file data-v8.pdb (PDB, C-alpha atoms and all ligand atoms)
ATOM      1  CA  MET R   1     104.446   2.310 -94.929
ATOM      2  CA  ASN R   2     107.061  -0.319 -94.373
ATOM      3  CA  LEU R   3     110.819  -0.657 -94.402
ATOM      4  CA  LYS R   4     112.398  -3.613 -96.095
ATOM      5  CA  ILE R   5     116.118  -4.146 -95.980
ATOM      6  CA  GLU R   6     117.437  -6.585 -98.537
ATOM      7  CA  ASN R   7     120.956  -8.065 -98.531
ATOM      8  CA  LEU R   8     122.459  -4.886 -97.103
ATOM      9  CA  SER R   9     126.238  -4.891 -96.754
ATOM     10  CA  VAL R  10     128.332  -1.918 -95.662
ATOM     11  CA  SER R  11     132.135  -1.902 -95.758
ATOM     12  CA  LEU R  12     134.954   0.153 -94.376
ATOM     13  CA  ASN R  13     137.421   1.632 -96.847
ATOM     14  CA  ASN R  14     139.924  -1.048 -95.804
ATOM     15  CA  GLY R  15     137.517  -3.736 -97.046
ATOM     16  CA  ASN R  16     136.243  -4.954 -93.654
ATOM     17  CA  GLU R  17     132.498  -5.395 -93.638
ATOM     18  CA  VAL R  18     130.597  -3.728 -90.791
ATOM     19  CA  LEU R  19     127.161  -4.913 -91.916
ATOM     20  CA  LYS R  20     126.866  -8.261 -93.644
ATOM     21  CA  ASP R  21     123.908  -9.321 -95.721
ATOM     22  CA  ILE R  22     121.257  -7.762 -93.471
ATOM     23  CA  ARG R  23     117.685  -8.801 -94.273
ATOM     24  CA  ILE R  24     114.765  -7.560 -92.238
ATOM     25  CA  GLU R  25     111.314  -6.091 -92.745
ATOM     26  CA  ILE R  26     109.678  -3.613 -90.387
ATOM     27  CA  LYS R  27     105.992  -3.221 -91.038
ATOM     28  CA  GLU R  28     103.782  -0.203 -90.439
ATOM     29  CA  GLY R  29     103.234   0.354 -86.734
ATOM     30  CA  GLU R  30     105.729  -2.339 -85.727
ATOM     31  CA  TRP R  31     108.040  -1.728 -82.740
ATOM     32  CA  ILE R  32     111.258  -3.607 -83.028
ATOM     33  CA  GLY R  33     114.344  -3.756 -80.824
ATOM     34  CA  LEU R  34     117.830  -4.153 -82.218
ATOM     35  CA  VAL R  35     120.177  -5.542 -79.612
ATOM     36  CA  GLY R  36     123.868  -6.338 -79.624
ATOM     37  CA  GLU R  37     127.075  -5.408 -77.889
ATOM     38  CA  THR R  38     128.875  -2.124 -78.516
ATOM     39  CA  GLY R  39     130.482  -2.128 -81.952
ATOM     40  CA  SER R  40     128.186  -4.813 -83.365
ATOM     41  CA  GLY R  41     126.866  -2.516 -86.117
ATOM     42  CA  LYS R  42     123.531  -1.392 -84.620
ATOM     43  CA  THR R  43     124.150   2.325 -85.035
ATOM     44  CA  THR R  44     125.637   1.788 -88.489
ATOM     45  CA  PHE R  45     122.419   0.009 -89.437
ATOM     46  CA  LEU R  46     120.306   3.060 -88.497
ATOM     47  CA  ARG R  47     122.739   5.432 -90.180
ATOM     48  CA  ALA R  48     122.751   3.306 -93.326
ATOM     49  CA  ILE R  49     118.967   3.577 -93.639
ATOM     50  CA  LEU R  50     119.203   7.369 -93.308
ATOM     51  CA  ARG R  51     122.242   7.478 -95.615
ATOM     52  CA  ILE R  52     124.398   9.244 -93.043
ATOM     53  CA  LEU R  53     127.305   6.819 -92.945
ATOM     54  CA  PRO R  54     130.702   8.105 -91.806
ATOM     55  CA  GLU R  55     133.058   8.958 -94.673
ATOM     56  CA  LYS R  56     135.173   5.858 -94.136
ATOM     57  CA  MET R  57     132.219   3.552 -94.914
ATOM     58  CA  PHE R  58     130.423   2.744 -98.134
ATOM     59  CA  PHE R  59     127.455   0.701 -99.316
ATOM     60  CA  LYS R  60     128.701  -2.525-100.817
ATOM     61  CA  ASP R  61     125.437  -4.199-101.679
ATOM     62  CA  GLY R  62     121.703  -4.326-101.036
ATOM     63  CA  ARG R  63     118.528  -2.295-101.098
ATOM     64  CA  ILE R  64     116.698  -0.241 -98.474
ATOM     65  CA  LEU R  65     113.062  -0.084 -99.516
ATOM     66  CA  PHE R  66     110.937   2.568 -97.824
ATOM     67  CA  ASN R  67     107.412   1.893 -98.978
ATOM     68  CA  GLY R  68     108.842   0.270-102.086
ATOM     69  CA  LYS R  69     111.263   3.095-102.924
ATOM     70  CA  ASP R  70     114.977   2.288-102.721
ATOM     71  CA  LEU R  71     116.534   4.917-100.442
ATOM     72  CA  LEU R  72     119.959   4.124-101.899
ATOM     73  CA  LYS R  73     118.805   5.245-105.331
ATOM     74  CA  ILE R  74     116.997   8.504-104.584
ATOM     75  CA  LYS R  75     118.594  11.958-104.824
ATOM     76  CA  GLU R  76     120.237  13.606-101.826
ATOM     77  CA  GLU R  77     117.521  16.280-101.559
ATOM     78  CA  GLU R  78     114.821  13.606-101.365
ATOM     79  CA  ILE R  79     116.547  11.661 -98.606
ATOM     80  CA  ARG R  80     117.068  14.952 -96.770
ATOM     81  CA  ARG R  81     113.309  15.534 -96.908
ATOM     82  CA  ILE R  82     112.657  12.040 -95.519
ATOM     83  CA  ARG R  83     115.171  12.470 -92.681
ATOM     84  CA  GLY R  84     113.735  14.341 -89.722
ATOM     85  CA  LYS R  85     110.252  14.277 -91.207
ATOM     86  CA  GLU R  86     109.200  10.780 -92.276
ATOM     87  CA  ILE R  87     111.986   8.994 -90.403
ATOM     88  CA  CYS R  88     113.289  10.668 -87.248
ATOM     89  CA  LEU R  89     116.378   9.738 -85.278
ATOM     90  CA  ILE R  90     116.645  10.053 -81.501
ATOM     91  CA  ILE R  91     120.274  10.082 -80.487
ATOM     92  CA  GLN R  92     122.159   8.895 -77.421
ATOM     93  CA  GLU R  93     123.213  12.270 -76.036
ATOM     94  CA  PRO R  94     120.243  14.614 -75.978
ATOM     95  CA  HIS R  95     122.253  17.772 -75.254
ATOM     96  CA  LEU R  96     123.682  17.470 -78.790
ATOM     97  CA  TYR R  97     120.285  18.442 -80.239
ATOM     98  CA  PHE R  98     120.479  21.862 -78.706
ATOM     99  CA  ASN R  99     122.503  25.044 -78.719
ATOM    100  CA  PRO R 100     122.955  25.766 -74.993
ATOM    101  CA  SER R 101     122.601  29.533 -75.451
ATOM    102  CA  ILE R 102     119.230  29.543 -77.239
ATOM    103  CA  LYS R 103     115.924  28.965 -75.489
ATOM    104  CA  ILE R 104     114.258  25.616 -76.135
ATOM    105  CA  TYR R 105     111.172  26.995 -77.889
ATOM    106  CA  ARG R 106     113.153  28.890 -80.501
ATOM    107  CA  GLN R 107     115.165  25.815 -81.325
ATOM    108  CA  ILE R 108     112.094  23.594 -81.709
ATOM    109  CA  GLU R 109     110.443  26.247 -83.860
ATOM    110  CA  GLU R 110     113.497  26.523 -86.117
ATOM    111  CA  TYR R 111     113.642  22.764 -86.487
ATOM    112  CA  ALA R 112     109.947  22.619 -87.426
ATOM    113  CA  LEU R 113     110.199  25.436 -89.976
ATOM    114  CA  PHE R 114     113.349  23.930 -91.471
ATOM    115  CA  HIS R 115     111.397  20.742 -92.112
ATOM    116  CA  GLY R 116     108.614  22.634 -93.863
ATOM    117  CA  MET R 117     105.999  23.110 -91.155
ATOM    118  CA  GLU R 118     103.785  26.175 -91.382
ATOM    119  CA  LYS R 119     104.045  28.878 -88.747
ATOM    120  CA  LYS R 120     100.265  28.906 -88.304
ATOM    121  CA  ASP R 121      99.227  26.895 -85.221
ATOM    122  CA  LEU R 122     102.856  25.842 -84.760
ATOM    123  CA  LYS R 123     102.943  26.758 -81.071
ATOM    124  CA  GLU R 124      99.936  24.562 -80.355
ATOM    125  CA  ARG R 125     101.427  21.685 -82.334
ATOM    126  CA  ILE R 126     104.679  21.992 -80.405
ATOM    127  CA  TYR R 127     102.765  21.975 -77.125
ATOM    128  CA  ASN R 128     100.797  18.885 -78.210
ATOM    129  CA  SER R 129     103.967  16.999 -79.137
ATOM    130  CA  LEU R 130     105.593  17.895 -75.846
ATOM    131  CA  ARG R 131     102.488  16.765 -73.967
ATOM    132  CA  LEU R 132     102.811  13.426 -75.775
ATOM    133  CA  SER R 133     106.384  13.225 -74.600
ATOM    134  CA  GLY R 134     105.295  13.642 -71.011
ATOM    135  CA  PHE R 135     105.312  17.409 -70.284
ATOM    136  CA  GLU R 136     102.062  18.371 -68.599
ATOM    137  CA  GLU R 137     102.762  22.101 -68.838
ATOM    138  CA  PRO R 138     105.115  22.475 -71.802
ATOM    139  CA  GLU R 139     104.804  26.269 -71.822
ATOM    140  CA  ASN R 140     106.817  26.357 -68.596
ATOM    141  CA  TRP R 141     109.689  24.274 -69.928
ATOM    142  CA  ILE R 142     110.193  25.719 -73.370
ATOM    143  CA  LYS R 143     111.059  29.124 -71.917
ATOM    144  CA  MET R 144     114.211  27.630 -70.513
ATOM    145  CA  PHE R 145     117.719  27.206 -71.842
ATOM    146  CA  PRO R 146     118.925  23.634 -72.450
ATOM    147  CA  PHE R 147     121.493  23.821 -69.646
ATOM    148  CA  GLN R 148     118.648  24.373 -67.156
ATOM    149  CA  LEU R 149     117.149  20.956 -67.930
ATOM    150  CA  SER R 150     118.307  17.457 -67.029
ATOM    151  CA  SER R 151     119.439  14.982 -69.713
ATOM    152  CA  GLY R 152     116.225  13.017 -69.212
ATOM    153  CA  MET R 153     114.102  16.114 -69.875
ATOM    154  CA  LEU R 154     116.167  17.020 -72.926
ATOM    155  CA  GLN R 155     115.692  13.497 -74.237
ATOM    156  CA  ARG R 156     111.925  13.834 -73.762
ATOM    157  CA  ILE R 157     112.009  17.128 -75.643
ATOM    158  CA  GLY R 158     114.004  15.394 -78.393
ATOM    159  CA  ILE R 159     111.274  12.724 -78.582
ATOM    160  CA  GLY R 160     108.634  15.478 -78.684
ATOM    161  CA  MET R 161     110.477  17.110 -81.595
ATOM    162  CA  ALA R 162     110.555  13.790 -83.417
ATOM    163  CA  LEU R 163     106.791  13.411 -82.936
ATOM    164  CA  LEU R 164     106.056  16.877 -84.301
ATOM    165  CA  HIS R 165     105.976  15.735 -87.915
ATOM    166  CA  GLU R 166     104.018  12.588 -87.164
ATOM    167  CA  PRO R 167     106.797  10.499 -88.737
ATOM    168  CA  LYS R 168     106.278   7.057 -90.216
ATOM    169  CA  PHE R 169     109.257   5.710 -88.282
ATOM    170  CA  ILE R 170     111.290   6.743 -85.279
ATOM    171  CA  PHE R 171     114.760   5.335 -84.729
ATOM    172  CA  ALA R 172     116.066   5.569 -81.186
ATOM    173  CA  ASP R 173     119.800   4.953 -80.857
ATOM    174  CA  GLU R 174     120.535   3.964 -77.242
ATOM    175  CA  PRO R 175     118.146   6.710 -76.032
ATOM    176  CA  THR R 176     118.696   5.910 -72.368
ATOM    177  CA  SER R 177     122.401   5.100 -72.222
ATOM    178  CA  SER R 178     123.457   8.564 -71.031
ATOM    179  CA  LEU R 179     120.700   8.714 -68.385
ATOM    180  CA  ASP R 180     120.569   7.642 -64.765
ATOM    181  CA  ARG R 181     118.200   4.832 -63.734
ATOM    182  CA  ALA R 182     115.309   7.144 -62.804
ATOM    183  CA  HIS R 183     115.379   8.980 -66.137
ATOM    184  CA  GLU R 184     115.906   5.733 -67.993
ATOM    185  CA  LYS R 185     112.663   4.417 -66.496
ATOM    186  CA  GLN R 186     110.836   7.628 -67.458
ATOM    187  CA  ILE R 187     111.922   7.262 -71.083
ATOM    188  CA  ILE R 188     111.023   3.560 -71.206
ATOM    189  CA  ASP R 189     107.574   4.300 -69.706
ATOM    190  CA  LEU R 190     107.120   7.145 -72.162
ATOM    191  CA  LEU R 191     107.985   4.928 -75.132
ATOM    192  CA  GLY R 192     105.623   2.237 -73.816
ATOM    193  CA  ASN R 193     102.847   4.881 -73.689
ATOM    194  CA  LEU R 194     103.524   6.213 -77.147
ATOM    195  CA  LYS R 195     103.229   2.758 -78.587
ATOM    196  CA  SER R 196      99.538   2.623 -77.810
ATOM    197  CA  LYS R 197      98.885   6.195 -78.983
ATOM    198  CA  ARG R 198     100.768   6.410 -82.258
ATOM    199  CA  ASP R 199     100.563   4.439 -85.429
ATOM    200  CA  MET R 200     104.213   4.548 -86.392
ATOM    201  CA  GLY R 201     107.092   2.111 -86.682
ATOM    202  CA  PHE R 202     109.896   2.226 -84.169
ATOM    203  CA  ILE R 203     113.415   0.802 -84.031
ATOM    204  CA  PHE R 204     114.917   0.812 -80.571
ATOM    205  CA  VAL R 205     118.669   0.173 -80.565
ATOM    206  CA  THR R 206     120.241  -0.892 -77.292
ATOM    207  CA  HIS R 207     122.985  -3.044 -75.809
ATOM    208  CA  MET R 208     120.763  -3.701 -72.757
ATOM    209  CA  ILE R 209     118.483  -6.509 -73.821
ATOM    210  CA  ASP R 210     116.162  -6.259 -70.801
ATOM    211  CA  LEU R 211     115.006  -2.795 -71.886
ATOM    212  CA  LEU R 212     113.262  -4.341 -74.875
ATOM    213  CA  LYS R 213     110.865  -6.401 -72.763
ATOM    214  CA  ASP R 214     108.444  -3.551 -72.098
ATOM    215  CA  VAL R 215     108.844  -1.631 -75.316
ATOM    216  CA  THR R 216     109.034  -3.793 -78.431
ATOM    217  CA  GLU R 217     106.949  -6.642 -79.734
ATOM    218  CA  LYS R 218     109.686  -7.905 -82.028
ATOM    219  CA  MET R 219     113.460  -7.989 -81.680
ATOM    220  CA  ALA R 220     116.552  -8.665 -83.753
ATOM    221  CA  VAL R 221     119.934  -9.728 -82.432
ATOM    222  CA  VAL R 222     123.081  -8.359 -84.078
ATOM    223  CA  TYR R 223     126.587  -9.718 -83.678
ATOM    224  CA  LYS R 224     129.669  -8.481 -85.524
ATOM    225  CA  GLY R 225     127.562  -6.936 -88.280
ATOM    226  CA  ASN R 226     125.393 -10.054 -88.739
ATOM    227  CA  LEU R 227     121.717 -10.458 -87.891
ATOM    228  CA  LEU R 228     121.521 -13.724 -85.971
ATOM    229  CA  GLU R 229     117.943 -13.984 -84.785
ATOM    230  CA  ILE R 230     114.645 -12.167 -85.373
ATOM    231  CA  GLY R 231     111.394 -12.983 -83.626
ATOM    232  CA  LYS R 232     108.731 -11.935 -81.149
ATOM    233  CA  THR R 233     110.319 -10.361 -78.089
ATOM    234  CA  TYR R 234     108.514 -12.425 -75.451
ATOM    235  CA  GLU R 235     109.142 -15.662 -77.357
ATOM    236  CA  ILE R 236     112.866 -14.945 -77.655
ATOM    237  CA  PHE R 237     113.106 -14.131 -73.947
ATOM    238  CA  GLN R 238     111.313 -17.390 -73.129
ATOM    239  CA  ASN R 239     113.194 -19.544 -75.563
ATOM    240  CA  PRO R 240     116.167 -18.059 -77.442
ATOM    241  CA  PHE R 241     117.127 -20.139 -80.473
ATOM    242  CA  HIS R 242     120.566 -18.797 -81.346
ATOM    243  CA  PRO R 243     123.402 -19.670 -78.908
ATOM    244  CA  TYR R 244     124.493 -15.991 -78.870
ATOM    245  CA  THR R 245     120.971 -14.797 -77.990
ATOM    246  CA  SER R 246     120.909 -17.345 -75.203
ATOM    247  CA  LEU R 247     124.150 -15.879 -73.866
ATOM    248  CA  LEU R 248     122.778 -12.318 -74.031
ATOM    249  CA  ILE R 249     119.653 -13.280 -72.120
ATOM    250  CA  GLY R 250     121.714 -15.071 -69.508
ATOM    251  CA  LYS R 251     120.428 -18.552 -70.297
ATOM    252  CA  SER R 252     123.925 -19.835 -71.039
ATOM    253  CA  SER R 253     127.398 -18.857 -69.983
ATOM    254  CA  PHE R 254     130.322 -17.456 -71.927
ATOM    255  CA  GLN R 255     133.069 -19.792 -73.159
ATOM    256  CA  LYS R 256     135.925 -19.264 -75.540
ATOM    257  CA  PHE R 257     137.439 -22.091 -77.492
ATOM    258  CA  SER R 258     140.930 -21.977 -78.876
ATOM    259  CA  ALA R 259     141.055 -20.207 -82.196
ATOM    260  CA  PRO R 260     142.974 -21.827 -85.042
ATOM    261  CA  LEU R 261     146.135 -20.114 -86.201
ATOM    262  CA  LYS R 262     144.472 -19.091 -89.416
ATOM    263  CA  LYS R 263     141.149 -17.402 -88.855
ATOM    264  CA  ASN R 264     138.330 -18.527 -91.136
ATOM    265  CA  LEU R 265     136.455 -15.413 -92.220
ATOM    266  CA  ASN R 266     133.693 -17.452 -93.831
ATOM    267  CA  SER R 267     132.703 -19.300 -90.671
ATOM    268  CA  CYS R 268     129.703 -18.565 -88.469
ATOM    269  CA  PRO R 269     130.605 -15.321 -86.661
ATOM    270  CA  PHE R 270     129.969 -16.995 -83.300
ATOM    271  CA  TYR R 271     132.087 -20.046 -84.114
ATOM    272  CA  TYR R 272     134.909 -19.416 -81.624
ATOM    273  CA  PHE R 273     132.525 -19.035 -78.679
ATOM    274  CA  CYS R 274     129.926 -21.660 -79.492
ATOM    275  CA  SER R 275     129.754 -24.942 -77.632
ATOM    276  CA  PHE R 276     127.355 -26.395 -80.241
ATOM    277  CA  ARG R 277     129.626 -25.908 -83.217
ATOM    278  CA  ILE R 278     129.971 -28.635 -85.800
ATOM    279  CA  SER R 279     132.130 -28.875 -88.913
ATOM    280  CA  ARG R 280     129.328 -27.312 -90.981
ATOM    281  CA  CYS R 281     129.747 -24.110 -88.949
ATOM    282  CA  LEU R 282     132.954 -23.305 -90.810
ATOM    283  CA  GLU R 283     130.572 -22.024 -93.450
ATOM    284  CA  ILE R 284     128.396 -19.012 -92.611
ATOM    285  CA  PRO R 285     124.785 -20.145 -92.082
ATOM    286  CA  PRO R 286     122.013 -18.676 -94.229
ATOM    287  CA  TYR R 287     118.769 -17.288 -92.761
ATOM    288  CA  PHE R 288     116.547 -20.194 -91.674
ATOM    289  CA  GLU R 289     112.867 -19.710 -90.842
ATOM    290  CA  LYS R 290     111.627 -21.934 -88.029
ATOM    291  CA  TYR R 291     108.498 -21.667 -85.878
ATOM    292  CA  GLY R 292     107.874 -18.019 -86.791
ATOM    293  CA  ARG R 293     111.484 -17.119 -86.053
ATOM    294  CA  VAL R 294     114.376 -16.209 -88.344
ATOM    295  CA  VAL R 295     117.679 -17.636 -87.145
ATOM    296  CA  ARG R 296     121.166 -17.941 -88.618
ATOM    297  CA  CYS R 297     122.493 -21.110 -87.118
ATOM    298  CA  TRP R 298     123.096 -24.500 -88.695
ATOM    299  CA  ILE R 299     121.276 -26.229 -85.813
ATOM    300  CA  TYR R 300     118.027 -24.962 -87.352
ATOM    301  CA  GLU R 301     118.728 -26.137 -90.899
TER     302      GLU R 301
HETATM  303  S1  LIG J 401     126.091 -21.999 -86.737
HETATM  304 FE1  LIG J 401     127.341 -23.371 -85.518
HETATM  305  S2  LIG J 401     128.898 -22.095 -84.540
HETATM  306 FE2  LIG J 401     127.269 -20.773 -85.279
HETATM  307  S3  LIG J 401     125.923 -20.522 -83.561
HETATM  308 FE3  LIG J 401     125.095 -22.226 -84.756
HETATM  309  S4  LIG J 401     126.018 -24.054 -83.897
HETATM  310 FE4  LIG J 401     127.183 -22.308 -83.125
END
call {"tool": "encode", "arguments": {"input": "data-v8.pdb", "output": "structure tokens"}}
result
Amino acid sequence: MNLKIENLSVSLNNGNEVLKDIRIEIKEGEWIGLVGETGSGKTTFLRAILRILPEKMFFKDGRILFNGKDLLKIKEEEIRRIRGKEICLIIQEPHLYFNPSIKIYRQIEEYALFHGMEKKDLKERIYNSLRLSGFEEPENWIKMFPFQLSSGMLQRIGIGMALLHEPKFIFADEPTSSLDRAHEKQIIDLLGNLKSKRDMGFIFVTHMIDLLKDVTEKMAVVYKGNLLEIGKTYEIFQNPFHPYTSLLIGKSSFQKFSAPLKKNLNSCPFYYFCSFRISRCLEIPPYFEKYGRVVRCWIYE
């Protein structure tokens, strides 16, 4: 099972593009981080794959191939079957998974049955998934109401629910951003553990680049709806190629150059902040492949 995104562009109704010519492949079992500042298009990217874009956005171009099948071409009922079963989404605010007035177990059970699981052995399967997500005695926790548990615990239950169907891919959209440092560490450790136990792909979206170090083997850097660099996580941390990646990692400092009166929409998206810019950069760079890395910067032509 793999996911291949080809030339994906998503626009707002007013014509502004929020994702621009995204090209990336995520292979079976691969754990990839997607990093960029707030508003860079990371969440839109996940939502586009699941076809749950907000009403004001539309697909302008591209293909999303899930094991060769274009998710943009299949019927709504088929994508609904894939969502929550073959591709699961872990969201930022775990309390939104749950109705606060219904006990945890009933809600997990309903979710499982809704996605076509059989009632037979369901309890044991739920317990097993929750054990994988770090609950040693799940039977004690599922009797509770959501408001009795911390956000970190609810997030772990959310991860357990995602694991229930043994999905091919899990997408985690800033899974730690609403948690305190202690719970953040628990979730990162948990994800690190799952990686060795499960043969599934994973996309971890975050604006905190350091979180990717212990979780993903590959990472992609997004800026203003553009993918700027894709490569092995440890290699990028050691030696970022793109000037924006270098800034994110802290290997260079932020500068802003004076913008011309008329903004050039076809220039490199990082043009106004880049100290390496040359006249060529007034044209958006294509994807260059260099030393096992994909990078969109004219320096690597
Ligand atoms: S393409 Fe040019 S402006 Fe853009 S990051 Fe590379 S050097 Fe800088």
call {"tool": "closest_residue", "arguments": {"input": "data-v8.pdb", "among": "R:Val295, R:Met144, R:Ile126, R:Met117", "to": "ligand LIG 401 (chain J)", "atoms": "only C-alpha atoms and all ligand atoms"}}
result
R:Val295
call {"tool": "residues_near_ligand", "arguments": {"input": "data-v8.pdb", "ligand": "ligand LIG 401 (chain J)", "cutoff": "10 Å", "atoms": "all atoms listed in the file", "output": "count of residues only"}}
result
33
call {"tool": "atom_distance", "arguments": {"input": "data-v8.pdb", "atom1": "atom CA of Met57 of chain R", "atom2": "atom CA of Ser11 of chain R"}}
result
5.5 Å
call {"tool": "resolve_selection", "arguments": {"input": "data-v8.pdb", "expression": "the PyMOL selection byres (((chain R and resi 32) around 8) and not hetatm)", "output": "number ranges by chain"}}
result
R: 26, 30-31, 33-34, 201-204, 216-220
call {"tool": "closest_residue", "arguments": {"input": "data-v8.pdb", "among": "R:Phe98, R:Ser40, R:Met1, R:Pro175", "to": "Asn67 of chain R", "atoms": "only C-alpha atoms"}}
result
R:Met1
call {"tool": "closest_residue", "arguments": {"input": "data-v8.pdb", "among": "R:Lys119, R:Leu8, R:Glu109, R:Ser101", "to": "Asp70 of chain R", "atoms": "only C-alpha atoms"}}
result
R:Leu8
call {"tool": "atom_distance", "arguments": {"input": "data-v8.pdb", "atom1": "atom CA of Val35 of chain R", "atom2": "atom CA of Ile209 of chain R"}}
result
6.1 Å
call {"tool": "closest_residue", "arguments": {"input": "data-v8.pdb", "among": "R:Leu190, R:Val215, R:Met161, R:Ala172", "to": "Arg125 of chain R", "atoms": "all atoms listed in the file"}}
result
R:Met161
call {"tool": "resolve_selection", "arguments": {"input": "data-v8.pdb", "expression": "the PyMOL selection byres (((chain R and resi 123) around 12) and not hetatm)", "output": "JSON, numbers by chain"}}
result
{"R": [105, 106, 108, 109, 110, 112, 113, 117, 118, 119, 120, 121, 122, 124, 125, 126, 127, 128, 129, 130, 138, 139, 142, 164]}
call {"tool": "resolve_selection", "arguments": {"input": "data-v8.pdb", "expression": "the PyMOL selection byres (((chain R and resi 206) around 6) and not hetatm)", "output": "VMD selection string"}}
result
chain R and resid 35 174 205 207 to 208
call {"tool": "residues_around", "arguments": {"input": "data-v8.pdb", "residues": "Gly39 of chain R", "least_positions_apart": "5", "cutoff": "10 Å", "atoms": "only C-alpha atoms", "output": "list in words"}}
result
Val18, Thr44, His207, Val222, Tyr223, Lys224 and Gly225 of chain R
call {"tool": "write_last_selection", "arguments": {"input": "data-v8.pdb", "atoms": "C-alpha atoms", "output": "mmCIF file, in the frame of the given file"}}
result
data_model
loop_
_atom_site.group_PDB
_atom_site.id
_atom_site.type_symbol
_atom_site.label_atom_id
_atom_site.label_comp_id
_atom_site.auth_asym_id
_atom_site.auth_seq_id
_atom_site.Cartn_x
_atom_site.Cartn_y
_atom_site.Cartn_z
ATOM 1 C CA VAL R 18 130.597 -3.728 -90.791
ATOM 2 C CA THR R 44 125.637 1.788 -88.489
ATOM 3 C CA HIS R 207 122.985 -3.044 -75.809
ATOM 4 C CA VAL R 222 123.081 -8.359 -84.078
ATOM 5 C CA TYR R 223 126.587 -9.718 -83.678
ATOM 6 C CA LYS R 224 129.669 -8.481 -85.524
ATOM 7 C CA GLY R 225 127.562 -6.936 -88.280
#
call {"tool": "decode", "arguments": {"input": "data-v8.pdb", "residues": "segment 36-71 of chain R", "atoms": "C-alpha atoms", "output": "PDB file, in the first residue's frame"}}
result
ATOM      1  CA  GLY R  36       5.815  24.105   8.448  1.00  0.00           C
ATOM      2  CA  GLU R  37       4.502  27.151  10.225  1.00  0.00           C
ATOM      3  CA  THR R  38       0.829  27.614  11.073  1.00  0.00           C
ATOM      4  CA  GLY R  39      -1.179  28.314   7.932  1.00  0.00           C
ATOM      5  CA  SER R  40       1.364  26.740   5.580  1.00  0.00           C
ATOM      6  CA  GLY R  41      -1.138  24.167   4.275  1.00  0.00           C
ATOM      7  CA  LYS R  42      -0.171  21.078   6.314  1.00  0.00           C
ATOM      8  CA  THR R  43      -3.657  20.364   7.618  1.00  0.00           C
ATOM      9  CA  THR R  44      -5.185  21.121   4.224  1.00  0.00           C
ATOM     10  CA  PHE R  45      -2.846  18.514   2.755  1.00  0.00           C
ATOM     11  CA  LEU R  46      -4.174  15.808   5.114  1.00  0.00           C
ATOM     12  CA  ARG R  47      -7.763  16.905   4.570  1.00  0.00           C
ATOM     13  CA  ALA R  48      -7.277  16.882   0.804  1.00  0.00           C
ATOM     14  CA  ILE R  49      -6.161  13.244   0.874  1.00  0.00           C
ATOM     15  CA  LEU R  50      -9.260  12.323   2.896  1.00  0.00           C
ATOM     16  CA  ARG R  51     -11.461  14.559   0.723  1.00  0.00           C
ATOM     17  CA  ILE R  52     -12.721  16.561   3.688  1.00  0.00           C
ATOM     18  CA  LEU R  53     -11.800  20.034   2.489  1.00  0.00           C
ATOM     19  CA  PRO R  54     -13.723  23.005   3.891  1.00  0.00           C
ATOM     20  CA  GLU R  55     -16.502  24.249   1.604  1.00  0.00           C
ATOM     21  CA  LYS R  56     -14.537  27.308   0.531  1.00  0.00           C
ATOM     22  CA  MET R  57     -11.795  25.152  -1.045  1.00  0.00           C
ATOM     23  CA  PHE R  58     -11.731  23.028  -4.165  1.00  0.00           C
ATOM     24  CA  PHE R  59      -9.365  20.684  -5.977  1.00  0.00           C
ATOM     25  CA  LYS R  60      -7.782  22.522  -8.863  1.00  0.00           C
ATOM     26  CA  ASP R  61      -5.478  19.860 -10.205  1.00  0.00           C
ATOM     27  CA  GLY R  62      -3.664  16.612  -9.474  1.00  0.00           C
ATOM     28  CA  ARG R  63      -4.140  13.026  -8.410  1.00  0.00           C
ATOM     29  CA  ILE R  64      -4.071  11.281  -5.033  1.00  0.00           C
ATOM     30  CA  LEU R  65      -3.212   7.651  -5.671  1.00  0.00           C
ATOM     31  CA  PHE R  66      -3.901   5.231  -2.827  1.00  0.00           C
ATOM     32  CA  ASN R  67      -2.441   1.943  -3.954  1.00  0.00           C
ATOM     33  CA  GLY R  68      -2.907   3.072  -7.538  1.00  0.00           C
ATOM     34  CA  LYS R  69      -6.525   4.205  -7.124  1.00  0.00           C
ATOM     35  CA  ASP R  70      -7.215   7.926  -7.533  1.00  0.00           C
ATOM     36  CA  LEU R  71      -9.076   9.034  -4.396  1.00  0.00           C
TER      37      LEU R  71
END
